[in-house]
Protein chains: 2
Amino acid sequence: MPGNSQGPPERIEADYLIETAFDPHDAAAAMAGEQSSGTFVPIPGETPELKERSAARVESLTVTGSSAAPSLPGAARPADNSRGQIQQAKVTLSWPLSNLGPSLPNLVATVAGNLFELRQFSGLRILDLRLPMAFADAYRGPKFSIQGTRDLTGVHDRPIIGTIIKPSVGFDPAETAELTHTLCQAGIDFIKDDELQSDSAHCPFDSRVEAVMAVINSHAENTGKKVMFAFNITGDLDQMRHRHDTVVAHGGTCVMASLNSIGLVGMIELARHSQLPIHAHRNGWGYLSRHPMLGWSYLAWQKIWRLAGADHMHVNGLSNKFCESDDSVMASAKQCLTPLFEDRPCLSMPVFSSGQTALQPPETFSRLQSKDLIFAAGGGIMAHPDGPAAGVESLRQAWEAATSGQSLAERARSHPALAAALTASRK
Amino acid sequence: MPGNSQGPPERIEADYLIETAFDPHDAAAAMAGEQSSGTFVPIPGETPELKERSAARVESLTVTGSSAAPSLPGAARPADNSRGQIQQAKVTLSWPLSNLGPSLPNLVATVAGNLFELRQFSGLRILDLRLPMAFADAYRGPKFSIQGTRDLTGVHDRPIIGTIIKPSVGFDPAETAELTHTLCQAGIDFIKDDELQSDSAHCPFDSRVEAVMAVINSHAENTGKKVMFAFNITGDLDQMRHRHDTVVAHGGTCVMASLNSIGLVGMIELARHSQLPIHAHRNGWGYLSRHPMLGWSYLAWQKIWRLAGADHMHVNGLSNKFCESDDSVMASAKQCLTPLFEDRPCLSMPVFSSGQTALQPPETFSRLQSKDLIFAAGGGIMAHPDGPAAGVESLRQAWEAATSGQSLAERARSHPALAAALTASRK
């Protein structure tokens, strides 16, 4: 795991940000108790031997600051602290692997179960996880990862340029195929369904795959370039397997699923079944993360899904249209490219999207220092004044500038598609 | 759906609490656009016909109040509102069923996808869902529900009295069976594994089932009373199926799973496979719900899991040890007992737990007005001064008092187990 030069730990470790009006050490001990052999009152069977075997431990605690008011409602205050201090602290807990074995679903119950509701806390967020090597043996991680995705797209020396079918929902299969045709002609590398479009009466999944893959296969025969289309197969398990098999049967090269819709068992099963890269959509991430003193950090969360088998992970984008900061976006992308285990890196290709245009590549590259990403733009392609082909070209040129250290303005002088994109973006 | 005297709606409907510095009507329109055919900029293909077919609609909006400061960080303010008002409103959106069909995973992406991250909102919480009848045809809901659980336990005229194996984790199969023996002798109706105990080297699932069911089956042969034990089968899908089958093979009558660990596809598949009631544990609920302006209300959330097949749903308990208010607990329990559809009620038996003793039954019953619940107590049973049998007896007596309109004190006069429990609870 990152930053752990001694290799993977023997025990499961989790870092938390906590906020409490109690002594933080007492509060952390309560957390460890609730999530292992303890309870609110002493229990006859909790012998010293059982504790030694099964109890969670507080490995470290550092007070990081204080809060003028409780961040979340419902927390208790100690009797002697009615006007006292509310402190914030970073805490590391650890559990014996033997409490649960290398099971991702039981890991979630252990590190992120009832503890968010404990009355000691007016804030509690899981920041990071470090797992024993047994988890890498139990779950295979991404089957394709970066290299497999590059091999399937034939894009090896630069970011993969992608886009999303818009309108998000409402096109029928023929309309989807027509837009796909336009995008293939424009030289796109990657296209994805929207997360709102899986299977419907107006756009049945099988018909959409048939229509879209006819276009993509024909384009591949004519040009040698096979565009990767991430078909949204989100659904019940039998539906996902059937849809995956339909994509395979038509020569498709990617499937997409909404992680928070299918859940962990759905993702594990899909990954076991899949012969294609899994494009993992994180919609719903806001309800897990948007309050800074509650829920999940992306660092902890993405490790679970990468182990389960996510080949591509959404990370939002710089200057995005949502409420996430650029620092948070870049931290997420770097995490996807940081090995989980030294000899089992389980890397996921970060997917940048939301309001991405030719303007973002320089800062994205200078902060990420990697070309291993999918860069998905909508208006930056379809709304280019000289059409979608110029739109795709302008994004490639922007990435060439970014990765060669040239400024956009400089490169635009000899590259009219980029020049037009920059002019349009200033309006 | 509750409160809908016209029967189920034709469109999918969702209610939200929103907080925004923008005109709430504009913000709600942006939500509807983001979650259907719209995007941040006009799209060529979004024709009036496509909008008519696929766009989400704002059905109603009521401003409910204002906020002095944004509840969540990251929200934008309109240029003309730098010191303006932040308003809160209740909004109802609707979607054509044809956008996604009756698919629970795609429902989650549609009603709870990217919208929590929209910059227009400094607060956004999903309050309720109303679904077309097609969802009840696609998902079977609880197979056992209240009546099936009562038939399996033989408890028909009162709440089911239960307890949880404690210490939560650390006992081996023999120790678990020994405690089960004590509890059977004490006259318990229901026992559950803790959510932290599924399968481990020290307490392998199969050995635990074998040891526990030997006790339960022997007790049933001797007394005619078969105690229901909810074995925690949380794990990967093949593990859950195997563990379920093991429970069936040993004559067990209930399985338990952690909903937020297995996810929706895991629950749907488990419900399809299961021949036993599914005891649904909600651990992790805090990260979905604890901030009042973010995430999920229990009302919306429990409807999804009931449709997926949850026979028992955890609702916390009155005067609990967590941070949830009594009003919230009672609202949750009532919701589990409110039909989803008139002719397909899909009721889940609410499970009261956390710090429950002989003190809570009167208020619980007076507020719920139903005996259809599982009442799980730990210390109230094991720490009774006259032992576990008196503990179970005291809880039954407390419920007899509650449901007959007698006070606890009155009933305690002629019922020593209850009297001892009340005396102990005053210490």
# chains A, B, ... in the order shown; residues from 1 in each chain; ligands from 1

$ select_by_dssp --residues "range 31-235 of chain B" --states "strand (DSSP E or B)" --output "PyMOL selection string"
chain B and resi 57-67+86-95+118+121-130+160-164+190-192+228-232

$ select_by_dssp --residues "range 204-393 of chain A" --states "alpha helix (DSSP H)" --output "MDAnalysis selection string"
chainID A and resid 205:223 237:249 259:273 285:289 298:308 326:336 361:368 379:382 388:393

$ residues_around --residues "Leu408 in chain A" --least-positions-apart "4" --cutoff "7 Å" --atoms "only C-alpha atoms" --output "ChimeraX atom specification"
/A:398,401,412

$ closest_residue --among "A:His242, A:Arg282, A:Arg411, A:Lys226" --to "chain B" --atoms "only C-alpha atoms"
A:Arg282

$ closest_residue --among "B:Gly251, B:Gly101, B:Pro78, B:Pro416" --to "Pro204 in chain A" --atoms "only C-alpha atoms"
B:Gly101

$ closest_residue --among "A:Pro44, A:Gly123, A:Gly38, A:Pro339" --to "Met293 in chain A" --atoms "only C-alpha atoms"
A:Gly123

$ closest_residue --among "B:Glu342, B:Glu46, B:Asp193, B:Glu221" --to "chain A" --atoms "only C-alpha atoms"
B:Glu46

$ closest_residue --among "B:Ile304, B:Leu294, B:Glu175, B:Thr223" --to "Ile18 in chain B" --atoms "only C-alpha atoms"
B:Leu294
